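Trainee: Just query_15.cif, nothing more (mmCIF, C-alpha atoms):
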data_start
#
loop_
_atom_site.label_atom_id
_atom_site.label_comp_id
_atom_site.auth_asym_id
_atom_site.auth_seq_id
_atom_site.Cartn_x
_atom_site.Cartn_y
_atom_site.Cartn_z
CA MET A 1156 7.04 -31.90 0.11
CA THR A 1157 5.43 -28.54 0.76
CA THR A 1158 5.86 -28.80 4.52
CA ILE A 1159 7.01 -25.50 6.03
CA ALA A 1160 10.50 -26.06 7.39
CA ARG A 1161 11.86 -22.60 8.23
CA ILE A 1162 10.64 -19.01 8.61
CA GLU A 1163 13.05 -16.05 8.73
CA THR A 1164 12.66 -12.28 8.86
CA PHE A 1165 14.92 -9.52 7.54
CA LEU A 1166 14.72 -5.85 8.50
CA VAL A 1167 16.31 -3.96 5.61
CA ALA A 1168 16.85 -0.38 4.50
CA PRO A 1169 15.07 1.88 4.04
CA ARG A 1170 12.23 0.60 6.31
CA TRP A 1171 11.06 -2.78 5.07
CA LEU A 1172 10.51 -6.12 6.81
CA PHE A 1173 10.89 -9.13 4.51
CA VAL A 1174 9.68 -12.63 5.41
CA ARG A 1175 11.28 -15.77 3.97
CA VAL A 1176 9.42 -19.10 4.20
CA GLU A 1177 11.16 -22.29 3.06
CA THR A 1178 9.60 -25.71 2.54
CA ALA A 1179 11.18 -29.09 3.22
CA SER A 1180 11.67 -29.52 -0.53
CA GLY A 1181 13.53 -26.22 -0.84
CA ILE A 1182 10.83 -23.96 -2.31
CA VAL A 1183 11.30 -20.42 -0.97
CA GLY A 1184 8.50 -17.90 -0.71
CA TRP A 1185 8.95 -14.20 0.07
CA GLY A 1186 6.55 -11.80 1.74
CA GLU A 1187 6.67 -8.27 3.08
CA ALA A 1188 5.35 -7.54 6.59
CA THR A 1189 6.49 -3.92 6.75
CA CYS A 1190 4.60 -1.74 9.24
CA GLU A 1191 6.26 1.64 8.96
CA GLY A 1192 7.75 2.66 12.32
CA ARG A 1193 6.67 -0.58 14.02
CA SER A 1194 8.42 -3.27 11.99
CA GLU A 1195 10.53 -4.54 14.89
CA THR A 1196 7.30 -5.28 16.76
CA VAL A 1197 5.84 -7.00 13.71
CA ARG A 1198 9.02 -9.06 13.42
CA THR A 1199 8.32 -10.53 16.85
CA ALA A 1200 4.72 -11.25 15.86
CA VAL A 1201 5.88 -13.08 12.70
CA HIS A 1202 8.04 -15.41 14.77
CA GLU A 1203 5.17 -16.05 17.19
CA LEU A 1204 2.91 -16.96 14.26
CA ALA A 1205 5.66 -19.17 12.84
CA GLU A 1206 4.89 -21.59 15.67
CA LEU A 1207 1.49 -22.19 14.02
CA LEU A 1208 2.96 -22.81 10.57
CA THR A 1209 6.21 -24.73 10.96
CA GLY A 1210 5.75 -28.40 10.10
CA ARG A 1211 2.49 -27.82 8.26
CA ASP A 1212 1.55 -27.88 4.58
CA ALA A 1213 2.33 -24.51 2.97
CA LEU A 1214 -0.45 -24.97 0.40
CA ARG A 1215 -3.27 -24.74 2.96
CA ILE A 1216 -3.23 -20.97 2.66
CA GLU A 1217 -6.82 -20.19 3.64
CA ASP A 1218 -6.66 -22.48 6.65
CA HIS A 1219 -3.40 -20.88 7.79
CA TRP A 1220 -4.96 -17.43 7.41
CA GLN A 1221 -7.92 -18.46 9.53
CA VAL A 1222 -5.72 -19.88 12.28
CA MET A 1223 -3.25 -16.96 12.27
CA THR A 1224 -5.99 -14.34 12.50
CA LYS A 1225 -8.39 -16.19 14.84
CA GLY A 1226 -6.19 -18.63 16.73
CA ALA A 1227 -5.77 -16.35 19.74
CA PHE A 1228 -8.35 -14.72 21.98
CA TYR A 1229 -7.05 -11.18 21.20
CA ARG A 1230 -7.24 -10.42 17.49
CA GLY A 1231 -6.79 -7.72 14.90
CA GLY A 1232 -4.83 -4.50 14.73
CA PRO A 1233 -1.98 -3.39 12.48
CA ILE A 1234 0.78 -5.43 14.12
CA LEU A 1235 -0.94 -8.80 13.83
CA ALA A 1236 -2.45 -7.98 10.43
CA SER A 1237 0.96 -6.97 9.05
CA ALA A 1238 2.60 -10.13 10.39
CA VAL A 1239 -0.13 -12.25 8.82
CA ALA A 1240 0.19 -10.29 5.58
CA GLY A 1241 3.90 -11.03 5.17
CA LEU A 1242 3.44 -14.73 5.85
CA ASP A 1243 0.38 -14.92 3.59
CA GLN A 1244 2.26 -13.34 0.67
CA ALA A 1245 5.09 -15.82 1.14
CA LEU A 1246 2.67 -18.77 1.13
CA TRP A 1247 1.09 -17.56 -2.12
CA ASP A 1248 4.59 -17.20 -3.56
CA ILE A 1249 5.32 -20.82 -2.60
CA ALA A 1250 2.02 -22.02 -4.07
CA GLY A 1251 2.75 -20.32 -7.38
CA LYS A 1252 6.23 -21.80 -7.53
CA HIS A 1253 4.90 -25.23 -6.59
CA PHE A 1254 2.34 -25.18 -9.40
CA GLY A 1255 4.59 -23.30 -11.84
CA ALA A 1256 2.15 -20.41 -12.24
CA PRO A 1257 1.92 -16.74 -11.31
CA VAL A 1258 -0.31 -16.02 -8.32
CA HIS A 1259 -2.89 -14.24 -10.46
CA GLN A 1260 -3.44 -17.52 -12.32
CA LEU A 1261 -4.22 -19.22 -9.00
CA LEU A 1262 -6.71 -16.44 -8.23
CA GLY A 1263 -8.77 -17.23 -11.32
CA GLY A 1264 -6.62 -15.94 -14.15
CA PRO A 1265 -5.91 -12.49 -15.53
CA VAL A 1266 -8.62 -9.97 -16.30
CA ARG A 1267 -6.15 -7.42 -17.74
CA ASP A 1268 -2.77 -7.39 -19.43
CA ARG A 1269 -1.23 -4.33 -17.79
CA ILE A 1270 -1.73 -2.19 -14.69
CA ARG A 1271 -1.48 1.58 -14.55
CA VAL A 1272 0.81 2.92 -11.81
CA TYR A 1273 1.30 6.28 -10.14
CA GLY A 1274 4.23 7.89 -8.34
CA TRP A 1275 4.65 10.26 -5.41
CA VAL A 1276 5.60 13.93 -5.74
CA GLY A 1277 6.32 16.73 -3.30
CA GLY A 1278 7.32 14.93 -0.11
CA ASP A 1279 5.73 15.20 3.34
CA ASP A 1280 5.54 18.99 3.19
CA PRO A 1281 4.97 19.49 -0.51
CA SER A 1282 7.09 22.03 -2.35
CA GLU A 1283 8.55 22.26 -5.83
CA VAL A 1284 5.53 20.30 -7.05
CA ARG A 1285 5.97 21.46 -10.62
CA GLU A 1286 9.52 20.15 -10.88
CA HIS A 1287 8.69 16.83 -9.27
CA ILE A 1288 5.68 16.24 -11.50
CA ALA A 1289 7.61 17.18 -14.61
CA ALA A 1290 10.20 14.52 -13.70
CA GLN A 1291 7.51 11.86 -13.28
CA VAL A 1292 5.93 12.79 -16.60
CA GLU A 1293 9.36 12.61 -18.20
CA ALA A 1294 9.69 9.10 -16.74
CA GLY A 1295 6.46 8.13 -18.53
CA LEU A 1296 3.94 8.11 -15.69
CA THR A 1297 0.42 9.24 -16.45
CA ALA A 1298 -0.64 9.78 -12.83
CA VAL A 1299 0.89 11.15 -9.63
CA LYS A 1300 -0.14 11.59 -6.00
CA MET A 1301 0.77 14.47 -3.75
CA ASN A 1302 0.18 15.49 -0.16
CA ALA A 1303 -2.30 18.34 0.03
CA SER A 1304 -0.29 20.06 2.74
CA GLY A 1305 2.21 19.71 5.52
CA ARG A 1306 1.04 20.32 9.08
CA MET A 1307 -2.52 21.67 9.16
CA SER A 1308 -4.20 23.78 11.83
CA ARG A 1309 -7.31 22.31 13.38
CA LEU A 1310 -9.31 25.03 11.66
CA ALA A 1311 -7.27 26.08 8.64
CA SER A 1312 -6.41 29.69 7.91
CA VAL A 1313 -7.18 31.28 4.57
CA SER A 1314 -3.49 31.05 3.62
CA GLU A 1315 -3.40 27.33 4.47
CA LEU A 1316 -6.45 26.62 2.34
CA ASP A 1317 -5.14 28.80 -0.49
CA GLY A 1318 -1.83 26.93 -0.34
CA VAL A 1319 -3.56 23.59 -0.86
CA VAL A 1320 -5.51 24.93 -3.82
CA ALA A 1321 -2.42 26.54 -5.35
CA ARG A 1322 -0.41 23.32 -5.19
CA VAL A 1323 -3.15 21.24 -6.80
CA ALA A 1324 -3.68 23.92 -9.43
CA ALA A 1325 0.04 23.84 -10.24
CA ALA A 1326 -0.11 20.06 -10.55
CA ARG A 1327 -3.05 20.22 -12.92
CA GLU A 1328 -1.29 22.83 -15.05
CA VAL A 1329 1.76 20.59 -15.50
CA LEU A 1330 -0.24 17.40 -16.02
CA GLY A 1331 -2.79 18.82 -18.44
CA PRO A 1332 -6.17 17.19 -19.07
CA ASP A 1333 -4.91 13.73 -20.03
CA ARG A 1334 -3.02 12.84 -16.85
CA ASP A 1335 -4.25 12.47 -13.28
CA VAL A 1336 -3.37 13.80 -9.85
CA ALA A 1337 -4.55 12.21 -6.60
CA VAL A 1338 -4.52 14.43 -3.51
CA ASP A 1339 -3.66 12.88 -0.14
CA LEU A 1340 -5.01 14.62 2.97
CA HIS A 1341 -3.08 11.97 4.97
CA GLY A 1342 -5.43 12.17 7.94
CA ARG A 1343 -3.98 15.63 8.69
CA PHE A 1344 -7.32 17.38 8.16
CA THR A 1345 -10.14 17.68 10.63
CA LEU A 1346 -13.61 17.00 9.29
CA ALA A 1347 -14.26 20.75 9.12
CA ASN A 1348 -11.07 21.37 7.11
CA ALA A 1349 -11.76 18.46 4.75
CA ARG A 1350 -15.28 19.72 4.07
CA ARG A 1351 -13.94 23.21 3.36
CA VAL A 1352 -11.10 22.21 1.04
CA ALA A 1353 -12.79 19.46 -1.00
CA PRO A 1354 -15.16 21.76 -2.95
CA LEU A 1355 -12.30 24.19 -3.60
CA LEU A 1356 -10.41 21.42 -5.42
CA GLU A 1357 -13.28 20.40 -7.69
CA PRO A 1358 -12.21 22.65 -10.62
CA TYR A 1359 -8.92 20.73 -10.82
CA ARG A 1360 -10.63 17.33 -11.08
CA PRO A 1361 -8.46 15.20 -8.76
CA MET A 1362 -8.58 11.48 -9.46
CA PHE A 1363 -9.44 11.02 -5.78
CA LEU A 1364 -9.13 12.73 -2.39
CA GLU A 1365 -7.36 10.34 -0.03
CA GLU A 1366 -7.81 9.77 3.71
CA PRO A 1367 -9.67 13.02 4.48
CA VAL A 1368 -10.08 12.00 8.13
CA VAL A 1369 -8.06 9.74 10.42
CA PRO A 1370 -9.19 6.09 10.40
CA GLU A 1371 -10.59 6.21 13.93
CA ASN A 1372 -13.02 8.84 12.58
CA SER A 1373 -14.18 6.67 9.70
CA HIS A 1374 -17.74 7.18 10.94
CA LEU A 1375 -17.39 10.79 9.71
CA ILE A 1376 -16.17 10.10 6.19
CA GLY A 1377 -19.69 10.13 4.78
CA GLU A 1378 -19.84 13.84 5.64
CA VAL A 1379 -16.84 14.45 3.38
CA VAL A 1380 -18.33 12.31 0.60
CA ARG A 1381 -21.53 14.36 0.71
CA SER A 1382 -19.63 17.67 0.64
CA THR A 1383 -17.95 17.20 -2.77
CA THR A 1384 -18.11 15.66 -6.22
CA VAL A 1385 -14.45 14.61 -5.96
CA PRO A 1386 -14.15 10.83 -5.46
CA VAL A 1387 -13.12 10.06 -1.88
CA SER A 1388 -10.71 7.24 -1.00
CA THR A 1389 -9.40 5.67 2.19
CA GLY A 1390 -8.07 2.41 3.57
CA GLU A 1391 -4.31 2.30 4.17
CA ARG A 1392 -5.00 2.13 7.93
CA LEU A 1393 -7.94 -0.26 7.73
CA TYR A 1394 -7.06 -3.92 8.14
CA SER A 1395 -10.09 -6.11 7.41
CA ARG A 1396 -13.38 -6.44 5.57
CA GLN A 1397 -15.09 -5.44 8.79
CA ASP A 1398 -13.06 -2.20 8.90
CA PHE A 1399 -13.95 -1.42 5.28
CA LEU A 1400 -17.68 -2.11 5.46
CA PRO A 1401 -18.67 1.21 7.15
CA VAL A 1402 -16.64 3.38 4.75
CA LEU A 1403 -18.04 1.49 1.77
CA GLN A 1404 -21.52 2.09 3.12
CA ALA A 1405 -20.60 5.78 3.58
CA GLY A 1406 -19.98 6.17 -0.15
CA ILE A 1407 -16.23 6.16 -0.77
CA ALA A 1408 -15.26 5.69 -4.41
CA VAL A 1409 -11.85 4.03 -4.00
CA ALA A 1410 -10.69 1.48 -1.40
CA GLN A 1411 -6.97 1.48 -0.59
CA PRO A 1412 -6.04 -1.53 1.53
CA ASP A 1413 -2.34 -2.20 1.96
CA LEU A 1414 -1.37 -5.80 1.19
CA SER A 1415 1.37 -5.62 3.85
CA HIS A 1416 -1.04 -4.35 6.52
CA ALA A 1417 -4.45 -5.84 5.73
CA GLY A 1418 -3.83 -9.57 6.01
CA GLY A 1419 -2.07 -10.09 2.70
CA ILE A 1420 -3.42 -11.38 -0.60
CA THR A 1421 -6.01 -13.59 1.08
CA GLU A 1422 -7.83 -10.79 2.92
CA VAL A 1423 -7.40 -8.03 0.35
CA ARG A 1424 -8.90 -10.31 -2.29
CA LYS A 1425 -12.01 -10.47 -0.11
CA ILE A 1426 -11.96 -6.72 0.53
CA ALA A 1427 -11.87 -6.20 -3.25
CA THR A 1428 -14.91 -8.42 -3.73
CA LEU A 1429 -16.78 -6.61 -0.97
CA ALA A 1430 -15.86 -3.27 -2.57
CA GLU A 1431 -17.15 -4.49 -5.93
CA THR A 1432 -20.61 -4.93 -4.45
CA TYR A 1433 -20.56 -1.18 -3.65
CA ASP A 1434 -19.27 -0.21 -7.12
CA VAL A 1435 -15.99 0.87 -5.47
CA GLN A 1436 -12.62 0.60 -7.17
CA LEU A 1437 -9.46 -0.88 -5.63
CA ALA A 1438 -6.18 1.08 -5.55
CA PRO A 1439 -3.88 -0.63 -3.03
CA HIS A 1440 -1.63 1.50 -0.84
CA CYS A 1441 2.03 0.60 -1.43
CA PRO A 1442 4.82 3.07 -0.65
CA LEU A 1443 6.86 -0.04 0.24
CA GLY A 1444 9.27 -2.55 -1.23
CA PRO A 1445 9.36 -4.89 -4.23
CA ILE A 1446 7.64 -7.85 -2.59
CA ALA A 1447 4.65 -5.79 -1.48
CA LEU A 1448 4.45 -4.23 -4.95
CA ALA A 1449 4.56 -7.62 -6.67
CA ALA A 1450 1.82 -8.93 -4.36
CA CYS A 1451 -0.37 -5.91 -5.23
CA LEU A 1452 0.18 -6.44 -8.94
CA GLN A 1453 -0.64 -10.16 -8.76
CA LEU A 1454 -3.92 -9.31 -7.07
CA GLY A 1455 -4.58 -6.53 -9.55
CA PHE A 1456 -4.20 -8.73 -12.59
CA ALA A 1457 -7.01 -10.96 -11.28
CA THR A 1458 -9.32 -8.28 -9.83
CA PRO A 1459 -12.04 -6.75 -12.05
CA ASN A 1460 -12.52 -3.55 -10.03
CA PHE A 1461 -8.81 -2.71 -9.84
CA LEU A 1462 -8.13 0.95 -10.65
CA ILE A 1463 -4.44 1.84 -10.32
CA GLN A 1464 -1.35 0.86 -8.32
CA GLU A 1465 0.77 3.06 -6.08
CA GLN A 1466 4.52 2.44 -6.23
CA SER A 1467 7.45 4.06 -4.45
CA LEU A 1468 10.35 4.22 -6.90
CA GLY A 1469 12.31 7.31 -5.87
CA ILE A 1470 9.95 8.25 -3.02
CA HIS A 1471 11.40 10.52 -0.35
CA TYR A 1472 11.32 7.72 2.25
CA ASN A 1473 13.63 5.45 0.26
CA LEU A 1474 16.99 6.49 1.67
CA GLY A 1475 19.56 3.71 1.56
CA ALA A 1476 17.73 1.47 -0.91
CA ASP A 1477 15.12 1.76 -3.62
CA VAL A 1478 12.39 -0.61 -4.75
CA LEU A 1479 14.39 -2.58 -7.30
CA ASP A 1480 17.65 -2.79 -5.33
CA TYR A 1481 16.73 -6.17 -3.82
CA CYS A 1482 15.61 -7.70 -7.14
CA LEU A 1483 17.92 -9.95 -9.15
CA ASP A 1484 16.02 -9.11 -12.34
CA LYS A 1485 14.48 -5.65 -12.52
CA THR A 1486 12.63 -6.35 -15.77
CA PRO A 1487 9.28 -7.56 -14.33
CA LEU A 1488 8.75 -4.29 -12.42
CA THR A 1489 9.84 -1.99 -15.26
CA PHE A 1490 7.27 0.62 -16.30
CA VAL A 1491 6.17 0.92 -19.92
CA ASP A 1492 4.11 4.02 -20.74
CA GLY A 1493 3.09 4.38 -17.11
CA HIS A 1494 2.05 0.72 -16.77
CA VAL A 1495 3.45 -2.61 -15.57
CA GLU A 1496 2.97 -5.47 -18.00
CA ARG A 1497 1.45 -8.67 -16.67
CA LEU A 1498 3.91 -10.65 -14.56
CA THR A 1499 4.47 -14.13 -15.98
CA GLY A 1500 6.99 -15.71 -13.60
CA PRO A 1501 5.85 -18.26 -11.01
CA GLY A 1502 4.63 -17.12 -7.61
CA LEU A 1503 4.86 -13.38 -7.08
CA GLY A 1504 6.81 -13.12 -10.32
CA ILE A 1505 10.01 -11.53 -8.99
CA GLU A 1506 13.37 -12.92 -7.89
CA ILE A 1507 14.77 -11.57 -4.62
CA ASP A 1508 18.52 -11.09 -4.20
CA GLU A 1509 18.84 -13.10 -1.01
CA ALA A 1510 22.52 -12.20 -0.48
CA ALA A 1511 21.68 -8.49 -0.63
CA VAL A 1512 18.77 -8.96 1.77
CA ARG A 1513 20.90 -10.83 4.31
CA ALA A 1514 23.64 -8.22 4.09
CA ALA A 1515 21.16 -5.38 4.56
CA ASP A 1516 19.60 -7.07 7.58
CA LYS A 1517 23.04 -7.54 9.14
CA ALA A 1518 23.79 -3.83 8.61
CA GLY A 1519 20.59 -2.94 10.47
CA THR A 1520 18.07 -0.15 9.98
CA VAL A 1521 15.61 1.82 12.09
CA TRP A 1522 12.81 4.06 10.82
CA ARG A 1523 10.28 6.02 12.85
CA SER A 1524 7.35 8.20 11.86
CA PRO A 1525 8.01 11.91 12.36
CA VAL A 1526 6.38 13.63 15.33
CA TRP A 1527 4.88 16.99 14.36
CA ARG A 1528 3.60 19.74 16.64
CA HIS A 1529 1.41 22.79 16.25
CA PRO A 1530 2.84 26.23 17.09
CA ASP A 1531 1.29 25.98 20.55
CA GLY A 1532 3.29 22.82 21.26
CA SER A 1533 0.43 20.33 20.95
CA TYR A 1534 0.62 17.20 18.81
CA ALA A 1535 -0.12 17.57 15.08
CA GLU A 1536 -1.13 14.74 12.74
CA TRP A 1537 1.64 13.60 10.39
#
Output the file's structure in the form of structure tokens.
Mentor:
Amino acid sequence: MTTIARIETFLVAPRWLFVRVETASGIVGWGEATCEGRSETVRTAVHELAELLTGRDALRIEDHWQVMTKGAFYRGGPILASAVAGLDQALWDIAGKHFGAPVHQLLGGPVRDRIRVYGWVGGDDPSEVREHIAAQVEAGLTAVKMNASGRMSRLASVSELDGVVARVAAAREVLGPDRDVAVDLHGRFTLANARRVAPLLEPYRPMFLEEPVVPENSHLIGEVVRSTTVPVSTGERLYSRQDFLPVLQAGIAVAQPDLSHAGGITEVRKIATLAETYDVQLAPHCPLGPIALAACLQLGFATPNFLIQEQSLGIHYNLGADVLDYCLDKTPLTFVDGHVERLTGPGLGIEIDEAAVRAADKAGTVWRSPVWRHPDGSYAEW
């Protein structure tokens, strides 16, 4: 039977929330509902949603998604969307295991055999970019992403702007013409700053310029698009097709939904299809754990307009555990020449070390976003 019998959550180091769904017949599906800095709140939401799922058929994934997202008068937002995402991933994992197939096969079959990945360099306040990039190149990656800056003034000084340009120039020098660098503005830039810096970066040919304005100012992103030839990307803090429609209409080149924030595989699959109608590529946000990464890859293998996959091996946030530490077999997520080969195992294609997860949850972990301030004491975007 594929009746859902039990739903559990595990908050584990460094900052991840895992969801375990078990059927009456003993099939176990794993999902990741991490919402960085708010995972305890999401954990409560997962257990509220569990009331809608327990005792029902795990294979009715679309119906469950509809009920979880629309079955209450107040809807949407990152907490609910992240809770739904973790449960949705776990249900797809169960479906794959039930049918003995990887999730990408259930989504229509593979359209590619490998997926290019990129890694993070430089940290929150980027420094030593050359050394960090050299290490990633040595590890075989062909693309990296870096923060453009640390804290930014509301109207940047010449030295702040020059610092951004110098860091990207250093990255390009190390990478050469055959590797890529993506530049993340991280919502730290005002519209005026983004419009000033984007043309200055054009000589260094970034793969894309990420989140040039905060998501609540998505109505302004078209101004950034029109100010530069650099492809503009956004989406890690957008949670639905409805959120993505205006930025797609504004001319972004790359959509970056997070499969642990934007309703899971079910919704991001639909976001990808919507993006395809605007000739926009998909590059899911994923500085998270192994379950989220596996879910992204499963979607990517079945998605024609998939560009590249973020992954967080060795990222500066991963203190206490790294991406593969909760995997029994690390082989499926091993990189070969900067790519992940197509996952062939059933479900999400990875095996979670349940004993390690339970032990980590028992040990406990808390992670909060930093709070930054400008020199005058006012709040600064992190």
Trainee: Within 7 Å of (0.6, -25.1, -0.9), only C-alpha atoms: residues as number ranges by chain?
Mentor: A: 1157, 1212-1216, 1246, 1249-1250
Trainee: What is the atom CA of A:Pro1412-atom CA of A:Ala1324 distance in Å, reported with one decimal?
Mentor: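 So the two atoms, atom CA of A:Pro1412 and atom CA of A:Ala1324, lie 27.8 Å apart.
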Trainee: Can you tell me, as a PyMOL selection string, what residues are no more than 10 Å from A:Ala1245 when counting all atoms listed in the file, ignoring any on the same chain fewer than 5 positions away?
Mentor: chain A and resi 1162+1173-1177+1183-1188+1213+1216+1239-1240+1250-1251+1419-1420+1446+1450+1502-1503
Trainee: Just to confirm, what's the straight-line distance from atom CA of A:Ser1237 to atom CA of A:Arg1392 in Å (one decimal)?
Mentor: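 Taking atom CA of A:Ser1237 as the start and atom CA of A:Arg1392 as the end point, the length is 10.9 Å.
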Trainee: Go through the shown structure with the PyMOL selection byres ((chain A and resi 1222) around 12) and write out the matching residues as JSON, numbers by chain.
Mentor: {"A": [1204, 1205, 1206, 1207, 1208, 1215, 1216, 1217, 1218, 1219, 1220, 1221, 1223, 1224, 1225, 1226, 1227, 1228, 1230, 1239, 1243]}
Trainee: Pull out every residue that the PyMOL selection byres ((chain A and resi 1403) around 10) matches in the shown coordinates and put them as a list in words.
Mentor: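 Answer for the PyMOL selection byres ((chain A and resi 1403) around 10): Ile1376, Gly1377, Ser1388, Thr1389, Arg1396, Asp1398, Phe1399, Leu1400, Pro1401, Val1402, Gln1404, Ala1405, Gly1406, Ile1407, Ala1408, Val1409, Ala1410, Leu1429, Ala1430, Glu1431, Thr1432, Tyr1433, Asp1434 and Val1435 of chain A.
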Trainee: Write to file, as a short mmCIF file (atom, residue, chain, number, x, y, z; two decimals), in the coordinates of the input, the residues of the selection just made, with C-alpha atoms.
Mentor:
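After the write, part.cif holds the following:
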data_model
loop_
_atom_site.label_atom_id
_atom_site.label_comp_id
_atom_site.auth_asym_id
_atom_site.auth_seq_id
_atom_site.Cartn_x
_atom_site.Cartn_y
_atom_site.Cartn_z
CA ILE A 1376 -16.17 10.10 6.19
CA GLY A 1377 -19.69 10.13 4.78
CA SER A 1388 -10.71 7.24 -1.00
CA THR A 1389 -9.40 5.67 2.19
CA ARG A 1396 -13.38 -6.44 5.57
CA ASP A 1398 -13.06 -2.20 8.90
CA PHE A 1399 -13.95 -1.42 5.28
CA LEU A 1400 -17.68 -2.11 5.46
CA PRO A 1401 -18.67 1.21 7.15
CA VAL A 1402 -16.64 3.38 4.75
CA GLN A 1404 -21.52 2.09 3.12
CA ALA A 1405 -20.60 5.78 3.58
CA GLY A 1406 -19.98 6.17 -0.15
CA ILE A 1407 -16.23 6.16 -0.77
CA ALA A 1408 -15.26 5.69 -4.41
CA VAL A 1409 -11.85 4.03 -4.00
CA ALA A 1410 -10.69 1.48 -1.40
CA LEU A 1429 -16.78 -6.61 -0.97
CA ALA A 1430 -15.86 -3.27 -2.57
CA GLU A 1431 -17.15 -4.49 -5.93
CA THR A 1432 -20.61 -4.93 -4.45
CA TYR A 1433 -20.56 -1.18 -3.65
CA ASP A 1434 -19.27 -0.21 -7.12
CA VAL A 1435 -15.99 0.87 -5.47
#
